[in-house]
Structure formats: structure tokens, C-alpha cells
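These notes are about the structure you will find just below.
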Amino acid sequence: MGKTKIIAIVGRSGSGKSTIADMLQKKGIPPVVSYTTRPKRDKYDVHHKFVSDNEYDNIFDKLAETVYAGYRYCGKLEGHHDCYSYVIDEVGLKMIKDNNKLDVYSVLVLSPQEDRQKRTTKERFNRDKDYEYKLNYDHVILNLYGLDELEYQVDCLLKLIR
């Protein structure tokens, strides 16, 4: 059996990372389960498992770990699949690229500031707006023209990695 593939999705808040992960899940690629100590934002905040600091300390086999905005995050492979998606930051991406048991395909999602500002909170937008990406990426998705175009780009991505 080959290495587990990870489609690592990186981008600023509001760029469309979670939307892409949702599209991949509908196409049979489950997400890496993300655990965090941050509080839930609202009832639609369903992309993480929210845990206490004590529960977080007892998670074993963490795929990657990072601290973002003062909260701890980690990912964990659950189930047995050939490929997973993972919404992650560059710190976590560096960690999983160093894992020789994984075949990591990195994707940077770019979206205009005006669009991102509409999709996220002012605090999250301001936190991310000046971040400069330092890594090289295997693929770039431009989230410019709506959901149909985004889904087309996700389909193209899947053809590239399969």
C-alpha cells in the first residue's frame, strides 16, 4: 500500500478553503479531523472538534500542531482512506511535508480582498490581510468567479493528483 495522500489547503480567512474541503468531501475525499481549543464561533462552525486544553493534551497521533490566534489546533487521521483534505496553515504544512509516511500535495487558495472581506469577520480579515506566503505550492486555486468555477477547479485538481 502506498503513502496516504493529503491535499493540504492553505489561504487567508475567507478565501474559500473550507468550501473547497467541503467540495472534496462530497467527491469522496474526507477531511483530516481538526481539533481546536478555541470556542465555537456560531452554529455553522462545523469544521473542527472543539475540546478543552485537557482533552487536547490527551489526543494521540497528532498529524500536525499549531497555535493560531492564541488557540491550539491539531489534525488527526481518522478512518482508513487513501486521500484526505486538510485545511492548514504554513506551520502545519511544513510539519506534514516532513512526515515521510504522507504524500502531501499543497494548494494555495487566493481570493480578492474585497471578496474575502465579505466572507469573514473584520478581526479575522485584519489578522490575515498582510500575511505573506513563504512556501512553494504544488497548485494554486483562484477563487474569483463563484461556486461553479471553484468546483471546476477542484475537479481539475483531482485529475492532477489521481
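How things are named: the first chain in the C-alpha cells is A, the next is B, and so on; residues count from 1 in each chain; ligands count from 1 in the order shown.
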
Which residues, written as a PyMOL selection string, have at least one atom at most 9 Å from Thr120 in chain A, with only C-alpha atoms counted and residues fewer than 4 positions away on the same chain left out?
chain A and resi 13-15+116+124-125

Selection file, N, CA, C and O atoms, as a PDB file, in the first residue's frame:
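Result file follows (out.pdb):
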ATOM      1  N   SER A  13      -8.136  33.877   5.651  1.00  0.00           N
ATOM      2  CA  SER A  13      -9.525  33.759   6.082  1.00  0.00           C
ATOM      3  C   SER A  13     -10.449  34.305   4.999  1.00  0.00           C
ATOM      4  O   SER A  13     -10.200  35.372   4.440  1.00  0.00           O
ATOM      5  N   GLY A  14     -11.497  33.537   4.709  1.00  0.00           N
ATOM      6  CA  GLY A  14     -12.471  33.964   3.717  1.00  0.00           C
ATOM      7  C   GLY A  14     -12.087  33.673   2.280  1.00  0.00           C
ATOM      8  O   GLY A  14     -12.801  34.050   1.359  1.00  0.00           O
ATOM      9  N   SER A  15     -10.973  32.978   2.070  1.00  0.00           N
ATOM     10  CA  SER A  15     -10.522  32.713   0.694  1.00  0.00           C
ATOM     11  C   SER A  15     -11.284  31.564   0.038  1.00  0.00           C
ATOM     12  O   SER A  15     -11.314  31.467  -1.188  1.00  0.00           O
ATOM     13  N   ARG A 116     -12.970  38.393   0.187  1.00  0.00           N
ATOM     14  CA  ARG A 116     -12.663  37.801   1.492  1.00  0.00           C
ATOM     15  C   ARG A 116     -13.270  38.620   2.625  1.00  0.00           C
ATOM     16  O   ARG A 116     -13.749  38.076   3.597  1.00  0.00           O
ATOM     17  N   ARG A 124     -10.753  38.606  11.759  1.00  0.00           N
ATOM     18  CA  ARG A 124     -10.015  37.568  11.024  1.00  0.00           C
ATOM     19  C   ARG A 124      -9.420  38.130   9.735  1.00  0.00           C
ATOM     20  O   ARG A 124      -8.304  37.786   9.360  1.00  0.00           O
ATOM     21  N   PHE A 125     -10.156  38.991   9.058  1.00  0.00           N
ATOM     22  CA  PHE A 125      -9.639  39.605   7.839  1.00  0.00           C
ATOM     23  C   PHE A 125      -8.385  40.418   8.146  1.00  0.00           C
ATOM     24  O   PHE A 125      -7.368  40.277   7.471  1.00  0.00           O
TER      25      PHE A 125
END

From a DSSP calculation on the backbone, collect every residue of range 56-96 of chain A in strand (DSSP E or B) and output the set as a VMD selection string.
chain A and resid 64 to 68 71 to 76 83 to 87

Would you mind exporting N, CA and C atoms of the selected residues as a PDB file, in the first residue's frame?
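Below is the file that was written, result-v6.pdb:
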ATOM      1  N   ALA A  64      -0.311  17.186  12.786  1.00  0.00           N
ATOM      2  CA  ALA A  64       0.381  18.472  12.828  1.00  0.00           C
ATOM      3  C   ALA A  64      -0.240  19.278  13.947  1.00  0.00           C
ATOM      4  N   GLU A  65       0.539  20.217  14.471  1.00  0.00           N
ATOM      5  CA  GLU A  65       0.054  21.071  15.548  1.00  0.00           C
ATOM      6  C   GLU A  65       0.487  22.496  15.288  1.00  0.00           C
ATOM      7  N   THR A  66      -0.382  23.433  15.667  1.00  0.00           N
ATOM      8  CA  THR A  66      -0.013  24.840  15.570  1.00  0.00           C
ATOM      9  C   THR A  66      -0.810  25.630  16.586  1.00  0.00           C
ATOM     10  N   VAL A  67      -0.339  26.825  16.853  1.00  0.00           N
ATOM     11  CA  VAL A  67      -1.074  27.770  17.680  1.00  0.00           C
ATOM     12  C   VAL A  67      -1.419  28.940  16.766  1.00  0.00           C
ATOM     13  N   TYR A  68      -2.703  29.295  16.741  1.00  0.00           N
ATOM     14  CA  TYR A  68      -3.154  30.372  15.874  1.00  0.00           C
ATOM     15  C   TYR A  68      -4.106  31.242  16.671  1.00  0.00           C
ATOM     16  N   TYR A  71      -4.949  30.009  20.160  1.00  0.00           N
ATOM     17  CA  TYR A  71      -5.616  28.718  20.359  1.00  0.00           C
ATOM     18  C   TYR A  71      -4.809  27.609  19.694  1.00  0.00           C
ATOM     19  N   ARG A  72      -4.871  26.429  20.283  1.00  0.00           N
ATOM     20  CA  ARG A  72      -4.151  25.277  19.746  1.00  0.00           C
ATOM     21  C   ARG A  72      -5.031  24.525  18.749  1.00  0.00           C
ATOM     22  N   TYR A  73      -4.384  24.064  17.691  1.00  0.00           N
ATOM     23  CA  TYR A  73      -5.044  23.284  16.649  1.00  0.00           C
ATOM     24  C   TYR A  73      -4.173  22.070  16.343  1.00  0.00           C
ATOM     25  N   CYS A  74      -4.817  20.969  16.019  1.00  0.00           N
ATOM     26  CA  CYS A  74      -4.083  19.809  15.529  1.00  0.00           C
ATOM     27  C   CYS A  74      -4.994  19.026  14.594  1.00  0.00           C
ATOM     28  N   GLY A  75      -4.361  18.233  13.767  1.00  0.00           N
ATOM     29  CA  GLY A  75      -5.108  17.370  12.867  1.00  0.00           C
ATOM     30  C   GLY A  75      -4.809  15.922  13.178  1.00  0.00           C
ATOM     31  N   LYS A  76      -5.777  15.079  12.845  1.00  0.00           N
ATOM     32  CA  LYS A  76      -5.620  13.650  13.113  1.00  0.00           C
ATOM     33  C   LYS A  76      -6.314  12.867  12.001  1.00  0.00           C
ATOM     34  N   CYS A  83      -6.759   9.072   0.629  1.00  0.00           N
ATOM     35  CA  CYS A  83      -6.564  10.506   0.439  1.00  0.00           C
ATOM     36  C   CYS A  83      -7.469  11.283   1.388  1.00  0.00           C
ATOM     37  N   TYR A  84      -6.925  12.372   1.942  1.00  0.00           N
ATOM     38  CA  TYR A  84      -7.655  13.270   2.827  1.00  0.00           C
ATOM     39  C   TYR A  84      -7.410  14.712   2.378  1.00  0.00           C
ATOM     40  N   SER A  85      -8.331  15.610   2.745  1.00  0.00           N
ATOM     41  CA  SER A  85      -8.058  17.041   2.601  1.00  0.00           C
ATOM     42  C   SER A  85      -7.748  17.592   3.989  1.00  0.00           C
ATOM     43  N   TYR A  86      -6.989  18.682   4.011  1.00  0.00           N
ATOM     44  CA  TYR A  86      -6.594  19.258   5.285  1.00  0.00           C
ATOM     45  C   TYR A  86      -6.471  20.764   5.132  1.00  0.00           C
ATOM     46  N   VAL A  87      -7.359  21.522   5.768  1.00  0.00           N
ATOM     47  CA  VAL A  87      -7.246  22.974   5.823  1.00  0.00           C
ATOM     48  C   VAL A  87      -6.232  23.276   6.913  1.00  0.00           C
TER      49      VAL A  87
END

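All residues of protein, DNA or RNA that reach within 7 Å of His48 in chain A, judged by only C-alpha atoms and not counting those fewer than 6 positions away in the chain, are Val33, Ser34, Tyr35 and Thr36 of chain A.
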
Selected residues written out, N, CA and C atoms, as a JSON list (two decimals), in the first residue's frame:
[["chain", "number", "residue", "atom", "x", "y", "z"],
["A", 33, "VAL", "N", -9.41, 15.26, 10.52],
["A", 33, "VAL", "CA", -10.20, 15.77, 11.62],
["A", 33, "VAL", "C", -9.36, 16.81, 12.36],
["A", 34, "SER", "N", -9.92, 17.99, 12.48],
["A", 34, "SER", "CA", -9.22, 19.11, 13.11],
["A", 34, "SER", "C", -9.78, 19.33, 14.51],
["A", 35, "TYR", "N", -8.89, 19.35, 15.48],
["A", 35, "TYR", "CA", -9.25, 19.61, 16.87],
["A", 35, "TYR", "C", -8.72, 20.99, 17.25],
["A", 36, "THR", "N", -9.48, 21.72, 18.06],
["A", 36, "THR", "CA", -9.02, 23.03, 18.50],
["A", 36, "THR", "C", -9.52, 23.34, 19.90]]

Set out as a Markdown table a contact list for range 32-131 of chain A and range 150-155 of chain A with a cut-off of 12 Å, giving each residue of range 32-131 of chain A that qualifies its closest atom pair and distance in Å to one decimal, counting only C-alpha atoms, ordered by chain and rising residue number.
| residue | atom | partner | partner_atom | distance |
| --- | --- | --- | --- | --- |
| A:Ser85 | CA | A:Val154 | CA | 11.6 |
| A:Val107 | CA | A:Val154 | CA | 10.4 |
| A:Val109 | CA | A:Leu150 | CA | 10.3 |
| A:Leu110 | CA | A:Leu150 | CA | 11.3 |
| A:Ser111 | CA | A:Leu150 | CA | 11.0 |

Can you measure CA of Val32 in chain A to CA of Glu78 in chain A for me? One decimal in Å is fine.
7.1 Å

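The coordinates place CA of Val104 in chain A at 13.3 Å from CA of Leu135 in chain A.
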
All residues 12 Å or closer to Ala8 in chain A, only C-alpha atoms, same chain fewer than 4 positions away omitted, as a PyMOL selection string:
chain A and resi 17-18+20-21+24+31-32+63-64+75+83-97+102-109+137-140+157

Shell of 12 Å around Asn54 in chain A, only C-alpha atoms, local chain residues under 3 positions omitted, as a PDB file with N, CA and C atoms, in the first residue's frame:
ATOM      1  N   THR A  36      -9.478  21.715  18.057  1.00  0.00           N
ATOM      2  CA  THR A  36      -9.024  23.028  18.500  1.00  0.00           C
ATOM      3  C   THR A  36      -9.523  23.338  19.900  1.00  0.00           C
ATOM      4  N   THR A  37      -8.767  24.202  20.580  1.00  0.00           N
ATOM      5  CA  THR A  37      -9.164  24.671  21.905  1.00  0.00           C
ATOM      6  C   THR A  37      -9.930  25.994  21.813  1.00  0.00           C
ATOM      7  N   PHE A  50     -14.280  20.760  18.964  1.00  0.00           N
ATOM      8  CA  PHE A  50     -13.897  21.726  19.981  1.00  0.00           C
ATOM      9  C   PHE A  50     -13.664  20.995  21.300  1.00  0.00           C
ATOM     10  N   VAL A  51     -12.450  21.176  21.841  1.00  0.00           N
ATOM     11  CA  VAL A  51     -12.051  20.436  23.037  1.00  0.00           C
ATOM     12  C   VAL A  51     -11.421  21.384  24.053  1.00  0.00           C
ATOM     13  N   ASP A  57      -4.604  17.829  25.276  1.00  0.00           N
ATOM     14  CA  ASP A  57      -3.355  17.200  25.735  1.00  0.00           C
ATOM     15  C   ASP A  57      -3.399  15.677  25.628  1.00  0.00           C
ATOM     16  N   ASN A  58      -4.590  15.103  25.583  1.00  0.00           N
ATOM     17  CA  ASN A  58      -4.741  13.649  25.525  1.00  0.00           C
ATOM     18  C   ASN A  58      -5.032  13.114  24.119  1.00  0.00           C
ATOM     19  N   ILE A  59      -4.865  13.942  23.109  1.00  0.00           N
ATOM     20  CA  ILE A  59      -5.022  13.479  21.726  1.00  0.00           C
ATOM     21  C   ILE A  59      -3.686  12.878  21.285  1.00  0.00           C
ATOM     22  N   ARG A  72      -4.871  26.429  20.283  1.00  0.00           N
ATOM     23  CA  ARG A  72      -4.151  25.277  19.746  1.00  0.00           C
ATOM     24  C   ARG A  72      -5.031  24.525  18.749  1.00  0.00           C
TER      25      ARG A  72
END

Could you tell me, as an MDAnalysis selection string, which residues of chain A DSSP assigns to alpha helix (DSSP H) when given the backbone?
chainID A and resid 17:26 53:57 90:97 113:119 122:128 147:161

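The interatomic distance for the pair CA of Tyr133 in chain A and CA of Arg12 in chain A works out to 9.7 Å.
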